[in-house]
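Peer 1: Here you go, this is run26.cif (mmCIF, C-alpha atoms).
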data_model
#
loop_
_atom_site.group_PDB
_atom_site.id
_atom_site.type_symbol
_atom_site.label_atom_id
_atom_site.label_comp_id
_atom_site.auth_asym_id
_atom_site.auth_seq_id
_atom_site.Cartn_x
_atom_site.Cartn_y
_atom_site.Cartn_z
ATOM 1 C CA MET A 233 58.083 2.632 39.068
ATOM 2 C CA ALA A 234 58.997 -0.276 36.809
ATOM 3 C CA PHE A 235 56.359 0.517 34.156
ATOM 4 C CA ASP A 236 55.791 3.495 31.827
ATOM 5 C CA SER A 237 52.017 3.192 31.493
ATOM 6 C CA LEU A 238 48.978 1.444 32.889
ATOM 7 C CA SER A 239 48.735 -0.776 29.816
ATOM 8 C CA ALA A 240 52.365 -1.825 30.236
ATOM 9 C CA PHE A 241 51.614 -2.598 33.874
ATOM 10 C CA LEU A 242 48.629 -4.749 32.913
ATOM 11 C CA ALA A 243 50.538 -6.509 30.132
ATOM 12 C CA MET A 244 53.440 -7.410 32.457
ATOM 13 C CA GLY A 245 55.737 -7.674 29.439
ATOM 14 C CA GLY A 246 53.564 -10.336 27.841
ATOM 15 C CA HIS A 247 53.253 -12.363 31.050
ATOM 16 C CA GLY A 248 50.059 -10.636 32.190
ATOM 17 C CA ALA A 249 47.894 -13.762 32.113
ATOM 18 C CA TYR A 250 50.313 -15.663 34.360
ATOM 19 C CA VAL A 251 51.001 -12.860 36.824
ATOM 20 C CA TRP A 252 47.381 -11.716 37.165
ATOM 21 C CA SER A 253 45.888 -15.185 37.479
ATOM 22 C CA ALA A 254 48.305 -16.068 40.307
ATOM 23 C CA TRP A 255 47.691 -12.753 42.087
ATOM 24 C CA GLY A 256 43.961 -12.897 41.366
ATOM 25 C CA LEU A 257 43.519 -16.339 42.899
ATOM 26 C CA THR A 258 45.541 -15.326 45.955
ATOM 27 C CA GLY A 259 43.478 -12.168 46.482
ATOM 28 C CA LEU A 260 40.228 -14.010 45.934
ATOM 29 C CA LEU A 261 41.082 -16.685 48.495
ATOM 30 C CA LEU A 262 42.318 -14.188 51.105
ATOM 31 C CA VAL A 263 39.128 -12.123 50.763
ATOM 32 C CA GLY A 264 37.052 -15.302 50.632
ATOM 33 C CA VAL A 265 38.330 -16.711 53.933
ATOM 34 C CA VAL A 266 37.697 -13.364 55.667
ATOM 35 C CA VAL A 267 34.131 -13.190 54.306
ATOM 36 C CA HIS A 268 33.580 -16.780 55.436
ATOM 37 C CA ALA A 269 34.976 -16.133 58.933
ATOM 38 C CA ARG A 270 32.725 -13.075 59.359
ATOM 39 C CA ALA A 271 29.633 -14.968 58.195
ATOM 40 C CA GLU A 272 30.523 -17.855 60.509
ATOM 41 C CA ARG A 273 30.787 -15.536 63.505
ATOM 42 C CA ARG A 274 27.562 -13.703 62.693
ATOM 43 C CA ALA A 275 25.617 -16.942 62.244
ATOM 44 C CA LEU A 276 26.895 -18.343 65.554
ATOM 45 C CA LEU A 277 25.968 -15.204 67.461
ATOM 46 C CA ARG A 278 22.513 -15.139 65.869
ATOM 47 C CA ASP A 279 21.997 -18.780 66.785
ATOM 48 C CA LEU A 280 23.146 -18.222 70.367
ATOM 49 C CA ARG A 281 20.821 -15.266 70.770
ATOM 50 C CA ARG A 282 17.890 -17.227 69.402
ATOM 51 C CA ARG A 283 18.571 -20.134 71.768
ATOM 52 C CA THR A 284 18.927 -17.848 74.757
ATOM 53 C CA ARG A 285 15.629 -16.171 73.933
ATOM 54 C CA ARG A 286 13.852 -19.506 73.496
ATOM 55 C CA GLU A 287 15.119 -20.741 76.859
ATOM 56 C CA GLN A 288 14.005 -17.517 78.490
ATOM 57 C CA ARG A 289 10.490 -18.092 77.250
ATOM 58 C CA HIS A 290 10.510 -21.626 78.674
ATOM 59 C CA GLY A 291 12.111 -20.440 81.891
ATOM 60 C CA ALA A 292 9.389 -17.828 82.487
ATOM 61 C CA SER A 293 6.880 -20.591 83.342
ATOM 62 C CA GLY A 294 8.816 -21.807 86.330
ATOM 63 C CA ALA A 295 12.323 -22.974 87.139
ATOM 64 C CA ALA A 296 15.623 -21.066 87.114
ATOM 65 C CA ALA A 297 14.084 -17.668 87.592
ATOM 66 C CA THR A 298 17.150 -15.751 88.677
ATOM 67 C CA PRO A 299 19.553 -16.429 85.755
ATOM 68 C CA VAL A 300 16.676 -15.956 83.320
ATOM 69 C CA LEU A 301 15.822 -12.538 84.691
ATOM 70 C CA HIS A 302 19.477 -11.618 84.583
ATOM 71 C CA GLN A 303 19.732 -12.586 80.938
ATOM 72 C CA GLU A 304 16.542 -10.746 80.047
ATOM 73 C CA GLY A 305 18.044 -7.611 81.433
ATOM 74 C CA HIS A 306 20.970 -8.050 79.084
ATOM 75 C CA ALA A 307 18.772 -8.711 76.107
ATOM 76 C CA ARG A 308 16.810 -5.536 76.640
ATOM 77 C CA GLU A 309 19.931 -3.431 76.794
ATOM 78 C CA SER A 310 21.070 -4.512 73.346
ATOM 79 C CA MET B 150 54.586 -19.946 83.905
ATOM 80 C CA TRP B 151 52.187 -22.835 84.528
ATOM 81 C CA ALA B 152 49.549 -20.423 85.764
ATOM 82 C CA PHE B 153 49.909 -18.511 82.507
ATOM 83 C CA ILE B 154 49.547 -21.656 80.411
ATOM 84 C CA HIS B 155 46.455 -22.627 82.350
ATOM 85 C CA LYS B 156 44.967 -19.208 81.846
ATOM 86 C CA LEU B 157 45.773 -19.377 78.149
ATOM 87 C CA GLY B 158 43.942 -22.689 78.021
ATOM 88 C CA SER B 159 40.783 -21.211 79.519
ATOM 89 C CA PRO B 160 38.309 -20.401 76.739
ATOM 90 C CA LYS B 161 36.827 -17.453 78.613
ATOM 91 C CA TRP B 162 40.198 -15.800 79.187
ATOM 92 C CA PHE B 163 41.295 -16.527 75.623
ATOM 93 C CA TYR B 164 38.068 -15.034 74.256
ATOM 94 C CA GLY B 165 38.852 -11.758 76.003
ATOM 95 C CA ILE B 166 42.551 -11.475 75.260
ATOM 96 C CA SER B 167 42.143 -12.466 71.591
ATOM 97 C CA ALA B 168 39.536 -9.731 71.134
ATOM 98 C CA ARG B 169 42.138 -7.185 72.184
ATOM 99 C CA LEU B 170 44.979 -8.661 70.084
ATOM 100 C CA GLN B 171 43.006 -9.286 66.924
ATOM 101 C CA PRO B 172 42.662 -5.691 65.579
ATOM 102 C CA TRP B 173 46.428 -5.160 65.688
ATOM 103 C CA PHE B 174 47.080 -8.212 63.554
ATOM 104 C CA TRP B 175 44.372 -7.202 61.069
ATOM 105 C CA VAL B 176 45.851 -3.700 60.744
ATOM 106 C CA ALA B 177 49.390 -5.062 60.388
ATOM 107 C CA ALA B 178 48.288 -7.647 57.823
ATOM 108 C CA THR B 179 46.397 -5.077 55.735
ATOM 109 C CA VAL B 180 49.190 -2.498 55.753
ATOM 110 C CA LEU B 181 51.930 -5.033 55.010
ATOM 111 C CA ILE B 182 50.026 -6.787 52.227
ATOM 112 C CA VAL B 183 48.945 -3.517 50.559
ATOM 113 C CA VAL B 184 52.449 -2.036 50.713
ATOM 114 C CA GLY B 185 54.111 -5.311 49.691
ATOM 115 C CA SER B 186 51.715 -5.791 46.761
ATOM 116 C CA ALA B 187 52.152 -2.272 45.394
ATOM 117 C CA TRP B 188 55.923 -2.491 45.770
ATOM 118 C CA GLY B 189 56.217 -5.987 44.346
ATOM 119 C CA LEU B 190 53.845 -5.464 41.433
ATOM 120 C CA ALA B 191 54.700 -1.952 40.301
ATOM 121 C CA PHE B 192 57.992 -0.780 41.802
ATOM 122 C CA ALA B 193 60.357 -3.733 42.063
ATOM 123 C CA PRO B 194 62.571 -3.965 38.964
ATOM 124 C CA ALA B 195 61.841 -6.692 36.411
ATOM 125 C CA ASP B 196 64.078 -9.762 36.575
ATOM 126 C CA TYR B 197 66.808 -9.687 33.926
ATOM 127 C CA GLN B 198 66.053 -13.282 32.880
ATOM 128 C CA GLN B 199 62.386 -13.829 33.695
ATOM 129 C CA GLY B 200 61.074 -10.332 33.012
ATOM 130 C CA ASN B 201 57.840 -9.597 34.833
ATOM 131 C CA SER B 202 56.681 -13.156 35.418
ATOM 132 C CA PHE B 203 58.969 -13.224 38.469
ATOM 133 C CA ARG B 204 56.421 -10.979 40.234
ATOM 134 C CA ILE B 205 54.515 -14.177 40.978
ATOM 135 C CA ILE B 206 57.163 -14.766 43.666
ATOM 136 C CA TYR B 207 55.421 -12.218 45.901
ATOM 137 C CA VAL B 208 52.396 -14.456 46.329
ATOM 138 C CA HIS B 209 54.052 -17.821 45.696
ATOM 139 C CA VAL B 210 56.684 -17.715 48.449
ATOM 140 C CA PRO B 211 54.480 -16.245 51.237
ATOM 141 C CA ALA B 212 51.753 -18.793 50.444
ATOM 142 C CA ALA B 213 54.251 -21.666 50.467
ATOM 143 C CA PHE B 214 55.711 -20.467 53.789
ATOM 144 C CA LEU B 215 52.252 -20.313 55.356
ATOM 145 C CA ALA B 216 51.240 -23.664 53.890
ATOM 146 C CA GLN B 217 54.128 -25.328 55.733
ATOM 147 C CA SER B 218 54.029 -23.211 58.909
ATOM 148 C CA ILE B 219 50.319 -23.848 59.358
ATOM 149 C CA PHE B 220 50.851 -27.589 59.117
ATOM 150 C CA VAL B 221 53.621 -27.445 61.726
ATOM 151 C CA SER B 222 51.391 -25.277 63.970
ATOM 152 C CA MET B 223 48.617 -27.821 63.555
ATOM 153 C CA ALA B 224 50.928 -30.673 64.551
ATOM 154 C CA VAL B 225 52.212 -28.741 67.599
ATOM 155 C CA ALA B 226 48.638 -27.855 68.618
ATOM 156 C CA GLY B 227 47.663 -31.506 68.156
ATOM 157 C CA PHE B 228 50.544 -32.574 70.403
ATOM 158 C CA ILE B 229 49.560 -30.056 73.095
ATOM 159 C CA PHE B 230 45.982 -31.274 72.906
ATOM 160 C CA MET B 231 46.955 -34.937 73.127
ATOM 161 C CA VAL B 232 49.371 -34.490 76.043
ATOM 162 C CA TRP B 233 47.747 -31.779 78.177
ATOM 163 C CA LYS B 234 44.130 -31.968 76.948
ATOM 164 C CA ILE B 235 44.048 -28.238 76.323
ATOM 165 C CA LYS B 236 40.861 -27.575 74.358
ATOM 166 C CA ILE B 237 41.988 -24.264 72.882
ATOM 167 C CA ALA B 238 44.865 -26.059 71.153
ATOM 168 C CA ASP B 239 42.435 -28.401 69.441
ATOM 169 C CA MET B 240 40.180 -25.509 68.443
ATOM 170 C CA ALA B 241 43.190 -23.717 66.962
ATOM 171 C CA ALA B 242 44.216 -26.808 64.989
ATOM 172 C CA ALA B 243 40.695 -27.230 63.631
ATOM 173 C CA MET B 244 40.331 -23.574 62.656
ATOM 174 C CA MET B 245 43.655 -23.173 60.846
ATOM 175 C CA ALA B 246 43.401 -26.262 58.607
ATOM 176 C CA PRO B 247 41.262 -24.711 55.820
ATOM 177 C CA LEU B 248 43.574 -21.692 55.487
ATOM 178 C CA GLY B 249 46.537 -24.073 55.286
ATOM 179 C CA ALA B 250 44.853 -26.006 52.492
ATOM 180 C CA ALA B 251 44.017 -22.754 50.677
ATOM 181 C CA MET B 252 47.618 -21.550 50.944
ATOM 182 C CA THR B 253 48.960 -24.898 49.687
ATOM 183 C CA PHE B 254 46.637 -24.595 46.711
ATOM 184 C CA VAL B 255 47.810 -21.014 46.075
ATOM 185 C CA ALA B 256 51.439 -22.161 46.204
ATOM 186 C CA LEU B 257 50.750 -24.986 43.737
ATOM 187 C CA PHE B 258 48.640 -22.866 41.389
ATOM 188 C CA SER B 259 50.966 -19.850 41.373
ATOM 189 C CA GLY B 260 53.877 -22.251 40.897
ATOM 190 C CA ALA B 261 52.179 -23.804 37.883
ATOM 191 C CA VAL B 262 51.446 -20.481 36.177
ATOM 192 C CA TRP B 263 54.973 -19.356 36.966
ATOM 193 C CA GLY B 264 56.420 -22.599 35.635
ATOM 194 C CA MET B 265 54.773 -22.189 32.245
ATOM 195 C CA PRO B 266 56.672 -19.070 31.102
ATOM 196 C CA THR B 267 59.828 -20.031 33.052
ATOM 197 C CA TRP B 268 60.277 -23.792 32.647
ATOM 198 C CA GLY B 269 57.865 -24.272 29.729
ATOM 199 C CA THR B 270 55.646 -26.654 31.702
ATOM 200 C CA TRP B 271 52.792 -26.360 34.185
ATOM 201 C CA TRP B 272 53.689 -29.455 36.089
ATOM 202 C CA MET B 273 56.394 -32.065 36.481
ATOM 203 C CA TRP B 274 56.793 -34.816 39.067
ATOM 204 C CA ASP B 275 59.623 -32.898 40.654
ATOM 205 C CA ALA B 276 60.257 -33.677 44.344
ATOM 206 C CA ARG B 277 59.282 -30.210 45.605
ATOM 207 C CA LEU B 278 56.102 -30.098 43.537
ATOM 208 C CA THR B 279 55.107 -33.641 44.475
ATOM 209 C CA SER B 280 55.724 -33.162 48.208
ATOM 210 C CA MET B 281 53.620 -29.982 48.123
ATOM 211 C CA LEU B 282 50.804 -31.913 46.433
ATOM 212 C CA ILE B 283 51.078 -34.498 49.218
ATOM 213 C CA LEU B 284 50.793 -31.636 51.730
ATOM 214 C CA LEU B 285 47.523 -30.577 50.085
ATOM 215 C CA PHE B 286 46.183 -34.136 50.409
ATOM 216 C CA LEU B 287 47.300 -34.253 54.053
ATOM 217 C CA TYR B 288 45.298 -31.090 54.696
ATOM 218 C CA PHE B 289 42.268 -32.655 52.998
ATOM 219 C CA GLY B 290 42.780 -35.755 55.136
ATOM 220 C CA VAL B 291 42.919 -33.773 58.392
ATOM 221 C CA ILE B 292 39.803 -31.772 57.455
ATOM 222 C CA ALA B 293 37.898 -34.900 56.358
ATOM 223 C CA LEU B 294 38.852 -36.793 59.533
ATOM 224 C CA ARG B 295 37.320 -34.081 61.686
ATOM 225 C CA GLY B 296 34.032 -34.542 59.900
ATOM 226 C CA ALA B 297 34.132 -38.332 59.941
ATOM 227 C CA PHE B 298 33.426 -39.000 63.634
ATOM 228 C CA SER B 299 30.234 -38.464 65.569
ATOM 229 C CA SER B 300 32.219 -37.910 68.775
ATOM 230 C CA ARG B 301 34.171 -34.674 68.807
ATOM 231 C CA ASP B 302 36.886 -36.097 71.039
ATOM 232 C CA SER B 303 37.585 -39.012 68.672
ATOM 233 C CA ALA B 304 37.640 -36.629 65.707
ATOM 234 C CA SER B 305 40.056 -34.302 67.504
ATOM 235 C CA ARG B 306 42.362 -37.138 68.448
ATOM 236 C CA ALA B 307 42.366 -38.659 64.963
ATOM 237 C CA ALA B 308 43.078 -35.272 63.361
ATOM 238 C CA SER B 309 45.860 -34.599 65.876
ATOM 239 C CA VAL B 310 47.521 -37.933 65.135
ATOM 240 C CA LEU B 311 47.350 -37.400 61.371
ATOM 241 C CA ALA B 312 48.822 -33.905 61.760
ATOM 242 C CA MET B 313 51.631 -35.216 63.972
ATOM 243 C CA VAL B 314 52.448 -38.043 61.544
ATOM 244 C CA GLY B 315 52.009 -35.914 58.424
ATOM 245 C CA VAL B 316 54.433 -33.297 59.685
ATOM 246 C CA ILE B 317 57.251 -35.634 58.516
ATOM 247 C CA ASN B 318 56.417 -34.290 55.066
ATOM 248 C CA ILE B 319 57.551 -30.777 56.050
ATOM 249 C CA PRO B 320 61.319 -31.484 56.231
ATOM 250 C CA ILE B 321 60.902 -33.491 53.038
ATOM 251 C CA ILE B 322 59.423 -30.401 51.335
ATOM 252 C CA LYS B 323 62.174 -28.224 52.754
ATOM 253 C CA TYR B 324 65.103 -30.387 51.703
ATOM 254 C CA SER B 325 63.556 -31.797 48.523
ATOM 255 C CA VAL B 326 65.229 -29.071 46.467
ATOM 256 C CA ASP B 327 68.634 -30.104 47.776
ATOM 257 C CA TRP B 328 68.179 -33.888 47.813
ATOM 258 C CA TRP B 329 66.561 -34.242 44.399
ATOM 259 C CA TYR B 330 67.471 -31.157 42.423
ATOM 260 C CA THR B 331 65.448 -31.717 39.261
ATOM 261 C CA LEU B 332 63.346 -28.660 38.499
ATOM 262 C CA HIS B 333 62.496 -26.374 41.406
ATOM 263 C CA GLN B 334 65.192 -23.933 42.461
ATOM 264 C CA PRO B 335 66.651 -24.063 45.988
ATOM 265 C CA ALA B 336 65.412 -21.767 48.762
ATOM 266 C CA THR B 337 65.134 -18.048 48.065
ATOM 267 C CA PHE B 338 65.685 -17.001 51.661
ATOM 268 C CA SER B 339 68.001 -18.393 54.266
ATOM 269 C CA VAL B 340 68.856 -17.241 57.744
ATOM 270 C CA THR B 341 72.573 -17.791 57.314
ATOM 271 C CA SER B 342 73.382 -16.079 54.022
ATOM 272 C CA ARG B 343 72.509 -12.887 52.232
ATOM 273 C CA PRO B 344 69.720 -13.111 49.626
ATOM 274 C CA ALA B 345 70.876 -13.529 46.045
ATOM 275 C CA MET B 346 68.439 -10.799 44.979
ATOM 276 C CA PRO B 347 68.940 -7.037 45.177
ATOM 277 C CA VAL B 348 67.227 -5.322 48.100
ATOM 278 C CA GLU B 349 64.490 -3.712 45.908
ATOM 279 C CA MET B 350 63.417 -7.257 45.021
ATOM 280 C CA TRP B 351 63.569 -9.038 48.371
ATOM 281 C CA ALA B 352 62.301 -6.222 50.607
ATOM 282 C CA PRO B 353 58.744 -6.420 49.202
ATOM 283 C CA LEU B 354 58.954 -10.212 49.487
ATOM 284 C CA LEU B 355 59.850 -9.983 53.169
ATOM 285 C CA ILE B 356 56.970 -7.523 53.696
ATOM 286 C CA MET B 357 54.538 -9.897 51.985
ATOM 287 C CA VAL B 358 55.732 -12.855 54.061
ATOM 288 C CA LEU B 359 55.236 -10.872 57.294
ATOM 289 C CA GLY B 360 51.834 -9.673 56.061
ATOM 290 C CA PHE B 361 50.712 -13.236 55.338
ATOM 291 C CA TYR B 362 51.803 -14.368 58.810
ATOM 292 C CA CYS B 363 49.849 -11.508 60.443
ATOM 293 C CA PHE B 364 46.847 -12.429 58.319
ATOM 294 C CA PHE B 365 47.086 -16.048 59.475
ATOM 295 C CA ILE B 366 47.276 -15.014 63.142
ATOM 296 C CA ALA B 367 44.374 -12.535 62.838
ATOM 297 C CA LEU B 368 42.132 -14.991 61.010
ATOM 298 C CA THR B 369 42.950 -17.833 63.395
ATOM 299 C CA LEU B 370 42.209 -15.688 66.461
ATOM 300 C CA MET B 371 38.911 -14.651 64.915
ATOM 301 C CA ARG B 372 37.926 -18.214 64.075
ATOM 302 C CA ILE B 373 38.979 -19.614 67.478
ATOM 303 C CA ARG B 374 36.617 -17.070 69.054
ATOM 304 C CA SER B 375 33.813 -18.393 66.836
ATOM 305 C CA GLU B 376 34.723 -21.966 67.718
ATOM 306 C CA ILE B 377 34.574 -21.085 71.433
ATOM 307 C CA LEU B 378 31.020 -19.798 70.911
ATOM 308 C CA ARG B 379 30.179 -23.031 69.123
ATOM 309 C CA ARG B 380 31.670 -25.478 71.623
ATOM 310 C CA GLU B 381 30.949 -23.601 74.833
ATOM 311 C CA SER B 382 27.452 -22.458 73.872
ATOM 312 C CA SER B 383 25.923 -23.954 77.036
ATOM 313 C CA LYS B 384 28.272 -22.039 79.341
ATOM 314 C CA ARG B 385 26.715 -19.157 81.192
ATOM 315 C CA TRP B 386 29.328 -16.547 80.263
ATOM 316 C CA VAL B 387 28.779 -17.339 76.575
ATOM 317 C CA ARG B 388 25.028 -16.958 77.017
ATOM 318 C CA GLU B 389 25.406 -13.622 78.709
ATOM 319 C CA LEU B 390 27.691 -12.503 75.932
ATOM 320 C CA ALA B 391 25.185 -13.495 73.267
ATOM 321 C CA GLY B 392 22.451 -11.573 75.050
ATOM 322 C CA GLY B 393 24.417 -8.336 74.982
ATOM 323 C CA VAL B 394 27.643 -7.914 73.021
ATOM 324 C CA SER B 395 27.643 -8.724 69.322
#
Mind turning this structure into structure tokens?
Peer 2:
Amino acid sequence: MAFDSLSAFLAMGGHGAYVWSAWGLTGLLLVGVVVHARAERRALLRDLRRRTRREQRHGASGAAATPVLHQEGHARES
Amino acid sequence: MWAFIHKLGSPKWFYGISARLQPWFWVAATVLIVVGSAWGLAFAPADYQQGNSFRIIYVHVPAAFLAQSIFVSMAVAGFIFMVWKIKIADMAAAMMAPLGAAMTFVALFSGAVWGMPTWGTWWMWDARLTSMLILLFLYFGVIALRGAFSSRDSASRAASVLAMVGVINIPIIKYSVDWWYTLHQPATFSVTSRPAMPVEMWAPLLIMVLGFYCFFIALTLMRIRSEILRRESSKRWVRELAGGVS
């Protein structure tokens, strides 16, 4: 351990503001891009599900019966 | 070999294989970054000249490595897309650009706050600093180009060309510290010689660099999978997936 106490660790020998702002921005951006990627994936899946459901409703009145039924089966399982 | 490349280029196959690879890269990235951070921040000895401000190196160098590697990856992916029309390559290039820009910004910002206590200035028009700023603008250019066309194919081709042309900046960044040695120090790591730092200082740096690379791979895999859902949303296998698996 290079420091004697928590306050010494935070002070970084007087360079605390420099060290922590550089580390802070890095951490913030790394967490930020992960949060963004997760939200992106969730939104896309939600959108896909909604579109599939809408097409199923349209499909029920006529054409393309087989794939629609197949997809409905999947939707019910989830 | 060719069969493998063709399989790799198939979105459906890639979607499956990346799902299996992804968790390993996330675990590796988390472990390496946590260990590297704790070691670099609390356990590595203070520098005899710079004191504790040198601990900025543990985010500065990995970010700068990624900033350049991502641009090269983007140029290679652009080339593959232009020559062989492999869609996954274009998706990869599109998905990694924002992380590259973020890492370039981290390298510039952490360099500035490291420069203040070390050189007594935030910024100087030193060759390394200037070429990194140009890299940031190249990233902005590539990202903006993708949004500037109504046809996806034109956007992809324009972005690929800019990435392939802009990659000239990478050797300039690399050798800038040797060609115009004004402010920034030469490379910390080299393949051919032993590091000038003691092992307790460079080991955490190596761990952080590896952790950042794993993070980049994990995030890119994750985002390519999202991009496949976006671009292939009319394909039947994607529809079936959306009905069941989350």
Peer 1: Could you list the residues chosen by the PyMOL selection byres ((chain A) within 8 of (chain B)) in this structure as an MDAnalysis selection string?
Peer 2: chainID A and resid 233:235 241 244:245 247:248 250:251 253:255 257:258 261 265:266 269 272:273 276:277 280:281 284 303:304 306:307 309:310
Peer 1: Suppose we keep C-alpha atoms; can you now write the selection as an mmCIF file, keeping the file's coordinate frame?
Peer 2:
data_model
loop_
_atom_site.group_PDB
_atom_site.id
_atom_site.type_symbol
_atom_site.label_atom_id
_atom_site.label_comp_id
_atom_site.auth_asym_id
_atom_site.auth_seq_id
_atom_site.Cartn_x
_atom_site.Cartn_y
_atom_site.Cartn_z
ATOM 1 C CA MET A 233 58.083 2.632 39.068
ATOM 2 C CA ALA A 234 58.997 -0.276 36.809
ATOM 3 C CA PHE A 235 56.359 0.517 34.156
ATOM 4 C CA PHE A 241 51.614 -2.598 33.874
ATOM 5 C CA MET A 244 53.440 -7.410 32.457
ATOM 6 C CA GLY A 245 55.737 -7.674 29.439
ATOM 7 C CA HIS A 247 53.253 -12.363 31.050
ATOM 8 C CA GLY A 248 50.059 -10.636 32.190
ATOM 9 C CA TYR A 250 50.313 -15.663 34.360
ATOM 10 C CA VAL A 251 51.001 -12.860 36.824
ATOM 11 C CA SER A 253 45.888 -15.185 37.479
ATOM 12 C CA ALA A 254 48.305 -16.068 40.307
ATOM 13 C CA TRP A 255 47.691 -12.753 42.087
ATOM 14 C CA LEU A 257 43.519 -16.339 42.899
ATOM 15 C CA THR A 258 45.541 -15.326 45.955
ATOM 16 C CA LEU A 261 41.082 -16.685 48.495
ATOM 17 C CA VAL A 265 38.330 -16.711 53.933
ATOM 18 C CA VAL A 266 37.697 -13.364 55.667
ATOM 19 C CA ALA A 269 34.976 -16.133 58.933
ATOM 20 C CA GLU A 272 30.523 -17.855 60.509
ATOM 21 C CA ARG A 273 30.787 -15.536 63.505
ATOM 22 C CA LEU A 276 26.895 -18.343 65.554
ATOM 23 C CA LEU A 277 25.968 -15.204 67.461
ATOM 24 C CA LEU A 280 23.146 -18.222 70.367
ATOM 25 C CA ARG A 281 20.821 -15.266 70.770
ATOM 26 C CA THR A 284 18.927 -17.848 74.757
ATOM 27 C CA GLN A 303 19.732 -12.586 80.938
ATOM 28 C CA GLU A 304 16.542 -10.746 80.047
ATOM 29 C CA HIS A 306 20.970 -8.050 79.084
ATOM 30 C CA ALA A 307 18.772 -8.711 76.107
ATOM 31 C CA GLU A 309 19.931 -3.431 76.794
ATOM 32 C CA SER A 310 21.070 -4.512 73.346
#
Peer 1: Atom CA of Gln217 of chain B to atom CA of Gly249 of chain B: how many Å, to one decimal?
Peer 2: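 Spanning atom CA of Gln217 of chain B to atom CA of Gly249 of chain B is a straight-line distance of 7.7 Å.
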Peer 1: Exactly which residues make up the result of the PyMOL selection byres ((chain B and resi 295-298) around 12) on this file, given as an mmCIF file with C-alpha atoms, in the coordinates of the input?
Peer 2:
data_model
loop_
_atom_site.group_PDB
_atom_site.id
_atom_site.type_symbol
_atom_site.label_atom_id
_atom_site.label_comp_id
_atom_site.auth_asym_id
_atom_site.auth_seq_id
_atom_site.Cartn_x
_atom_site.Cartn_y
_atom_site.Cartn_z
ATOM 1 C CA ASP B 239 42.435 -28.401 69.441
ATOM 2 C CA MET B 240 40.180 -25.509 68.443
ATOM 3 C CA ALA B 242 44.216 -26.808 64.989
ATOM 4 C CA ALA B 243 40.695 -27.230 63.631
ATOM 5 C CA MET B 244 40.331 -23.574 62.656
ATOM 6 C CA ALA B 246 43.401 -26.262 58.607
ATOM 7 C CA PRO B 247 41.262 -24.711 55.820
ATOM 8 C CA TYR B 288 45.298 -31.090 54.696
ATOM 9 C CA PHE B 289 42.268 -32.655 52.998
ATOM 10 C CA GLY B 290 42.780 -35.755 55.136
ATOM 11 C CA VAL B 291 42.919 -33.773 58.392
ATOM 12 C CA ILE B 292 39.803 -31.772 57.455
ATOM 13 C CA ALA B 293 37.898 -34.900 56.358
ATOM 14 C CA LEU B 294 38.852 -36.793 59.533
ATOM 15 C CA SER B 299 30.234 -38.464 65.569
ATOM 16 C CA SER B 300 32.219 -37.910 68.775
ATOM 17 C CA ARG B 301 34.171 -34.674 68.807
ATOM 18 C CA ASP B 302 36.886 -36.097 71.039
ATOM 19 C CA SER B 303 37.585 -39.012 68.672
ATOM 20 C CA ALA B 304 37.640 -36.629 65.707
ATOM 21 C CA SER B 305 40.056 -34.302 67.504
ATOM 22 C CA ARG B 306 42.362 -37.138 68.448
ATOM 23 C CA ALA B 307 42.366 -38.659 64.963
ATOM 24 C CA ALA B 308 43.078 -35.272 63.361
ATOM 25 C CA SER B 309 45.860 -34.599 65.876
ATOM 26 C CA VAL B 310 47.521 -37.933 65.135
ATOM 27 C CA LEU B 311 47.350 -37.400 61.371
ATOM 28 C CA ALA B 312 48.822 -33.905 61.760
#
Peer 1: In Å, with one decimal, what is the gap from atom CA of Ile237 of chain B to atom CA of Leu262 of chain A?
Peer 2: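 Between these atoms lies a distance of 24.0 Å.
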Peer 1: One decimal, in Å: what's the spacing between atom CA of Ser325 of chain B and atom CA of Leu284 of chain B?
Peer 2: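 Going from atom CA of Ser325 of chain B over to atom CA of Leu284 of chain B, I get 13.2 Å.
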Peer 1: Take every atom of segment 258-277 of chain A listed in the file, fit an axis-aligned box around them, add 3 Å per side, and give the centre and edge lengths in Å to one decimal as JSON.
Peer 2:
{"center_x": 35.6, "center_y": -15.2, "center_z": 56.7, "size_x": 25.9, "size_y": 12.2, "size_z": 27.5}
Peer 1: Between B:Tyr330, B:Trp386, B:Trp268, B:Phe163, which one has atoms that come closest to Ala241 of chain B, using all atoms listed in the file?
Peer 2: B:Phe163
Peer 1: Just give me the residues with any atom within 9 Å of (38.8, -29.2, 78.0), file coordinates, counting only C-alpha atoms, written as a list in words.
Peer 2: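 I get Gly158, Ser159, Pro160, Lys234, Ile235, Lys236 and Ile237 of chain B for the residues within 9 Å of that point.
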Peer 1: Name the residues in contact with Leu370 of chain B at a cut-off of 9 Å, using all atoms listed in the file, excluding same-chain residues fewer than 6 positions from it; report them as a CSV table (one decimal) with C-alpha atoms, keeping the file's coordinate frame.
Peer 2:
chain,number,residue,atom,x,y,z
B,164,TYR,CA,38.1,-15.0,74.3
B,167,SER,CA,42.1,-12.5,71.6
B,168,ALA,CA,39.5,-9.7,71.1
B,170,LEU,CA,45.0,-8.7,70.1
B,171,GLN,CA,43.0,-9.3,66.9
B,241,ALA,CA,43.2,-23.7,67.0
B,244,MET,CA,40.3,-23.6,62.7
Peer 1: Under the rule that only C-alpha atoms are counted, which of B:Gln334, B:Trp351, B:Thr270, B:Gly315 is the nearest residue to Met223 of chain B?
Peer 2: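 That would be B:Gly315, the residue with the smallest distance to Met223 of chain B.
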Peer 1: Show which residues sit within 8 Å of Met281 of chain B, as number ranges by chain. Count only C-alpha atoms, and ignore same-chain residues fewer than 3 positions away.
Peer 2: B: 253, 257, 277-278, 284-285, 322
